[in-house]
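Asker: One file: work_16.tsv (TSV, C-alpha atoms and all ligand atoms).
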```
chain	number	residue	atom	x	y	z
A	20	MET	CA	115.81	108.19	112.22
A	21	ILE	CA	114.11	104.78	112.02
A	22	ILE	CA	111.18	104.53	109.63
A	23	ALA	CA	109.02	101.44	110.21
A	24	ILE	CA	106.69	100.51	107.39
A	25	ASP	CA	104.19	97.70	107.73
A	26	GLY	CA	101.28	96.49	105.68
A	27	PRO	CA	99.72	93.54	103.88
A	28	ALA	CA	101.02	91.83	100.73
A	29	ALA	CA	101.20	94.04	97.65
A	30	SER	CA	100.13	97.18	99.53
A	31	GLY	CA	102.98	99.14	97.96
A	32	LYS	CA	105.00	99.25	101.19
A	33	GLY	CA	108.17	97.97	99.51
A	34	THR	CA	108.14	100.67	96.85
A	35	LEU	CA	107.44	103.35	99.45
A	36	ALA	CA	110.18	102.04	101.74
A	37	ARG	CA	112.73	102.06	98.89
A	38	ARG	CA	111.78	105.59	97.86
A	39	LEU	CA	111.86	106.94	101.40
A	40	ALA	CA	115.24	105.30	101.98
A	41	ALA	CA	116.63	106.92	98.81
A	42	HIS	CA	115.14	110.29	99.73
A	43	TYR	CA	116.63	110.33	103.24
A	44	HIS	CA	119.84	108.46	102.28
A	45	LEU	CA	119.07	105.64	104.69
A	46	PRO	CA	119.74	101.90	104.28
A	47	HIS	CA	116.64	99.82	103.60
A	48	LEU	CA	115.77	96.29	104.71
A	49	ASP	CA	112.86	94.44	103.13
A	50	THR	CA	112.25	92.01	106.01
A	51	GLY	CA	109.92	89.85	103.88
A	52	LEU	CA	113.08	88.65	102.12
A	53	LEU	CA	114.27	87.04	105.36
A	54	TYR	CA	111.12	84.91	105.57
A	55	ARG	CA	111.22	84.19	101.83
A	56	ALA	CA	114.89	83.14	102.10
A	57	THR	CA	114.06	80.88	105.05
A	58	ALA	CA	111.34	79.20	102.99
A	59	LEU	CA	113.63	78.84	99.98
A	60	ALA	CA	116.42	77.33	102.08
A	61	LEU	CA	113.94	74.75	103.40
A	62	LEU	CA	112.64	73.85	99.97
A	63	ASP	CA	116.16	73.65	98.51
A	64	ALA	CA	117.04	71.21	101.30
A	65	GLY	CA	114.05	69.06	100.36
A	66	LYS	CA	112.18	69.92	103.58
A	67	ARG	CA	108.54	70.93	104.05
A	68	VAL	CA	107.73	74.56	104.85
A	69	ASP	CA	105.32	73.49	107.58
A	70	ASP	CA	108.05	71.59	109.47
A	71	PRO	CA	108.76	73.88	112.47
A	72	VAL	CA	112.06	72.26	113.50
A	73	ALA	CA	113.54	72.45	109.99
A	74	ALA	CA	112.17	75.99	109.57
A	75	VAL	CA	113.95	77.30	112.67
A	76	GLU	CA	117.17	75.63	111.58
A	77	ALA	CA	116.84	77.30	108.16
A	78	ALA	CA	116.17	80.71	109.73
A	79	ARG	CA	119.19	80.39	112.05
A	80	GLY	CA	121.42	79.35	109.18
A	81	LEU	CA	120.45	82.18	106.81
A	82	ALA	CA	123.31	83.82	104.96
A	83	LEU	CA	122.27	87.41	104.64
A	84	ILE	CA	124.32	88.17	101.60
A	85	ASP	CA	123.65	87.24	98.01
A	86	PHE	CA	119.90	86.84	98.24
A	87	ASP	CA	118.69	85.51	94.91
A	88	GLU	CA	115.84	87.99	94.51
A	89	ALA	CA	114.57	86.46	91.28
A	90	ARG	CA	113.87	83.19	93.10
A	91	LEU	CA	112.69	84.88	96.29
A	92	ARG	CA	110.15	87.26	94.78
A	93	THR	CA	107.85	84.67	93.22
A	94	ARG	CA	104.26	84.17	94.25
A	95	GLU	CA	105.00	80.65	95.54
A	96	MET	CA	107.80	81.91	97.78
A	97	GLY	CA	105.51	84.62	99.21
A	98	GLU	CA	103.02	81.96	100.14
A	99	ALA	CA	105.72	79.66	101.60
A	100	ALA	CA	107.20	82.62	103.54
A	101	SER	CA	103.83	83.32	105.11
A	102	VAL	CA	103.72	79.70	106.38
A	103	VAL	CA	107.20	79.73	107.97
A	104	ALA	CA	106.60	83.24	109.35
A	105	ALA	CA	103.80	81.91	111.55
A	106	PHE	CA	106.26	79.85	113.67
A	107	PRO	CA	107.23	81.92	116.74
A	108	GLU	CA	110.71	80.32	116.87
A	109	VAL	CA	111.39	81.32	113.26
A	110	ARG	CA	110.43	84.91	114.09
A	111	ALA	CA	112.60	84.84	117.21
A	112	ALA	CA	115.58	83.63	115.17
A	113	LEU	CA	115.25	86.65	112.87
A	114	VAL	CA	114.74	89.41	115.46
A	115	ASP	CA	118.38	90.25	116.18
A	116	VAL	CA	119.44	90.68	112.58
A	117	GLN	CA	116.56	93.11	112.01
A	118	ARG	CA	117.24	95.09	115.19
A	119	ARG	CA	120.94	95.33	114.38
A	120	PHE	CA	120.07	96.69	110.95
A	121	ALA	CA	117.73	99.25	112.51
A	122	ALA	CA	120.39	100.32	115.02
A	123	ARG	CA	122.82	101.50	112.33
A	124	ASP	CA	124.21	105.00	112.77
A	125	GLY	CA	121.89	107.50	111.19
A	126	GLY	CA	118.97	105.10	111.14
A	127	ALA	CA	117.26	102.89	108.59
A	128	VAL	CA	114.04	102.09	106.82
A	129	LEU	CA	112.57	98.62	107.43
A	130	ASP	CA	109.40	97.23	105.92
A	131	GLY	CA	107.42	94.15	106.88
A	132	ARG	CA	104.49	93.12	109.04
A	133	ASP	CA	105.68	93.66	112.62
A	134	ILE	CA	108.30	96.39	112.38
A	135	GLY	CA	106.34	99.06	114.25
A	136	THR	CA	104.84	96.61	116.74
A	137	VAL	CA	107.68	94.18	117.58
A	138	ILE	CA	111.02	94.87	115.87
A	139	CYS	CA	111.23	98.66	116.33
A	140	PRO	CA	108.49	99.69	118.76
A	141	ASP	CA	110.39	102.96	119.40
A	142	ALA	CA	110.74	103.97	115.73
A	143	GLU	CA	110.33	107.73	115.22
A	144	VAL	CA	108.09	107.16	112.23
A	145	LYS	CA	105.62	104.31	111.73
A	146	ILE	CA	103.47	104.00	108.64
A	147	PHE	CA	100.90	101.28	108.07
A	148	VAL	CA	100.36	101.05	104.32
A	149	THR	CA	97.18	99.46	103.12
A	150	ALA	CA	94.96	99.16	100.04
A	151	SER	CA	91.87	97.17	99.14
A	152	PRO	CA	92.47	93.49	98.26
A	153	GLU	CA	91.25	94.17	94.69
A	154	THR	CA	93.70	97.04	94.20
A	155	ARG	CA	96.53	94.92	95.55
A	156	ALA	CA	95.62	91.97	93.34
A	157	ASN	CA	95.64	94.28	90.31
A	158	ARG	CA	99.06	95.65	91.19
A	159	ARG	CA	100.45	92.17	91.78
A	160	ALA	CA	99.06	91.00	88.41
A	161	ILE	CA	100.77	93.90	86.63
A	162	GLU	CA	104.03	93.26	88.49
A	163	LEU	CA	104.01	89.53	87.67
A	164	ALA	CA	103.18	90.19	84.02
A	165	GLY	CA	106.14	92.59	83.93
A	166	ARG	CA	108.35	89.71	85.06
A	167	SER	CA	106.79	87.38	82.46
A	168	GLN	CA	105.18	85.25	85.16
A	169	LYS	CA	101.78	83.64	84.65
A	170	VAL	CA	98.90	85.85	85.70
A	171	ASP	CA	95.40	84.82	86.72
A	172	TYR	CA	93.67	87.71	88.51
A	173	ALA	CA	91.12	85.57	90.37
A	174	SER	CA	93.71	83.28	91.88
A	175	ILE	CA	95.99	86.22	92.76
A	176	LEU	CA	93.09	87.83	94.64
A	177	GLN	CA	92.39	84.54	96.39
A	178	ASP	CA	96.09	84.26	97.38
A	179	ILE	CA	96.06	87.78	98.75
A	180	ARG	CA	93.00	87.14	100.88
A	181	LYS	CA	94.47	83.88	102.16
A	182	ARG	CA	97.81	85.53	102.97
A	183	ASP	CA	96.06	88.46	104.72
A	184	ALA	CA	94.15	86.00	106.89
A	185	ARG	CA	97.21	83.89	107.74
A	186	ASP	CA	99.43	86.93	108.46
A	187	SER	CA	96.86	88.72	110.61
A	188	GLU	CA	95.36	85.78	112.46
A	189	ARG	CA	98.60	84.12	113.61
A	190	GLY	CA	99.45	84.31	117.31
A	191	ALA	CA	103.08	85.43	116.85
A	192	ALA	CA	103.51	89.08	115.85
A	193	PRO	CA	100.41	89.26	113.66
A	194	LEU	CA	100.06	91.84	110.93
A	195	LYS	CA	98.47	94.88	112.53
A	196	ALA	CA	99.01	98.60	112.72
A	197	ALA	CA	100.91	99.86	115.75
A	198	GLU	CA	98.74	102.14	117.87
A	199	ASP	CA	100.96	105.08	117.00
A	200	ALA	CA	101.25	104.30	113.27
A	201	ALA	CA	99.92	106.66	110.62
A	202	ILE	CA	97.57	104.75	108.30
A	203	LEU	CA	98.20	105.32	104.61
A	204	ASP	CA	95.54	103.86	102.30
A	205	THR	CA	97.01	103.83	98.79
A	206	SER	CA	93.93	102.38	97.03
A	207	ALA	CA	93.25	105.64	95.17
A	208	LEU	CA	96.88	106.78	94.89
A	209	ASP	CA	99.47	106.20	92.19
A	210	VAL	CA	103.09	105.57	93.19
A	211	GLU	CA	104.01	109.26	93.05
A	212	ASN	CA	101.09	110.43	95.17
A	213	ALA	CA	101.57	107.59	97.65
A	214	PHE	CA	105.20	108.67	98.01
A	215	ARG	CA	104.20	112.30	98.57
A	216	ALA	CA	101.68	111.24	101.21
A	217	ALA	CA	104.35	109.10	102.94
A	218	LEU	CA	106.84	111.99	102.85
A	219	ALA	CA	104.24	114.27	104.42
A	220	ILE	CA	103.75	111.73	107.24
A	221	VAL	CA	107.52	111.54	107.88
A	222	GLU	CA	107.87	115.32	107.88
A	223	ARG	CA	104.92	115.70	110.22
A	224	ARG	CA	106.21	113.06	112.63
A	225	THR	CA	109.77	114.33	112.67
A	226	SER	CA	108.79	117.98	113.12
A	227	ALA	CA	106.48	116.95	115.98
A	228	VAL	CA	109.40	115.10	117.66
A	229	ALA	CA	111.96	117.91	117.15
B	1	LIG	O1	106.36	91.31	102.39
B	1	LIG	P1	106.43	89.94	101.69
B	1	LIG	O2	105.29	89.65	100.79
B	1	LIG	O3	107.75	89.74	101.02
B	1	LIG	O4	106.38	88.89	102.90
B	1	LIG	C1	106.27	87.49	102.69
B	1	LIG	C2	105.67	86.84	103.92
B	1	LIG	O5	106.62	86.93	105.00
B	1	LIG	C3	104.41	87.49	104.45
B	1	LIG	O6	103.25	86.92	103.88
B	1	LIG	C4	104.48	87.29	105.93
B	1	LIG	C5	105.96	87.18	106.22
B	1	LIG	N1	106.52	88.38	106.86
B	1	LIG	C6	106.32	88.50	108.22
B	1	LIG	O7	105.65	87.68	108.82
B	1	LIG	N2	106.91	89.53	108.89
B	1	LIG	C7	107.63	90.44	108.25
B	1	LIG	N3	108.21	91.45	108.94
B	1	LIG	C8	107.80	90.37	106.84
B	1	LIG	C9	107.20	89.31	106.16
```
Rewrite the structure of this file - the entire thing - as structure tokens.
Answerer:
Amino acid sequence: MIIAIDGPAASGKGTLARRLAAHYHLPHLDTGLLYRATALALLDAGKRVDDPVAAVEAARGLALIDFDEARLRTREMGEAASVVAAFPEVRAALVDVQRRFAARDGGAVLDGRDIGTVICPDAEVKIFVTASPETRANRRAIELAGRSQKVDYASILQDIRKRDARDSERGAAPLKAAEDAAILDTSALDVENAFRAALAIVERRTSAVA
């Protein structure tokens, strides 16, 4: 079974994807890490993130092991990832690795922006996770504070709106729900209830297919 989870920044899709993967004993790929790692490789090489030629080279040269999550999961790297992710050639360079992961025996859970639309259009289950920008900014602020990073709610909200616009307005594989995705709005749900709602979607989809 392939479970494709898409949604905007800080919608809770990563947490849901991890929990669903654990529940169904499936491997999980957070595809945002690929774009974050591409951006980090560029910056470490002293290149600009808006340099398309260098960005493609960085994406092609990614080593998929030993991701330094502490460096990848910062706010700055999320922003930089969103810039490199808008280059169609960068996206193309990362398609195969994601499809190979999804094709593992038994299936997989992948989360990102274009999993249900581009990477795994035939996934048995597609969930588009969303929440209001204010809810997402709040969650991000709590998460950053938990990692002792500086928190300024207003600028986090501004970042989220900017990232939403860039991710959904780009020409290449923009952030959008697949036509056959179930929409899960987690604005009024805590983690536990969001997980239950996601489980109910998976069960519904898989019993409809069987
Ligand atoms: O999910 P995230 O915040 O780690 O993603 C960082 C950026 O990477 C996001 O703003 C857009 C890009 N991204 C993408 O374009 N496609 C994906 N499948 C995953 C992430």
Asker: Taking only C-alpha atoms into account, which of A:Pro140, A:Ala173, A:Thr154, A:Asn212 comes nearest Glu198 of chain A?
Answerer: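 The answer is A:Pro140, which sits nearest to Glu198 of chain A.
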Asker: So how many Å separate atom CA of Ala82 of chain A and atom CA of Ala105 of chain A, to one decimal?
Answerer: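 So the two atoms, atom CA of Ala82 of chain A and atom CA of Ala105 of chain A, lie 20.7 Å apart.
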Asker: For the atom pair atom CA of Glu211 of chain A and atom CA of Ala127 of chain A, what is the interatomic distance in Å to one decimal place?
Answerer: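 Atom CA of Ala127 of chain A lies at a distance of 21.4 Å from atom CA of Glu211 of chain A.
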Asker: Residues at most 9 Å from ligand LIG 1 (chain B), using all atoms listed in the file? Could they come as a PyMOL selection string?
Answerer: chain A and resi 25-29+32-33+49-55+91-92+94+96-105+110+129-134+138+179+182-183+185-186+191-194
Asker: Pick from A:Leu113, A:Val68, A:Ala121, A:Leu61: nearest to His47 of chain A, with all atoms listed in the file counted?
Answerer: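 Looking only at the distances to His47 of chain A, the closest residue turns out to be A:Ala121.
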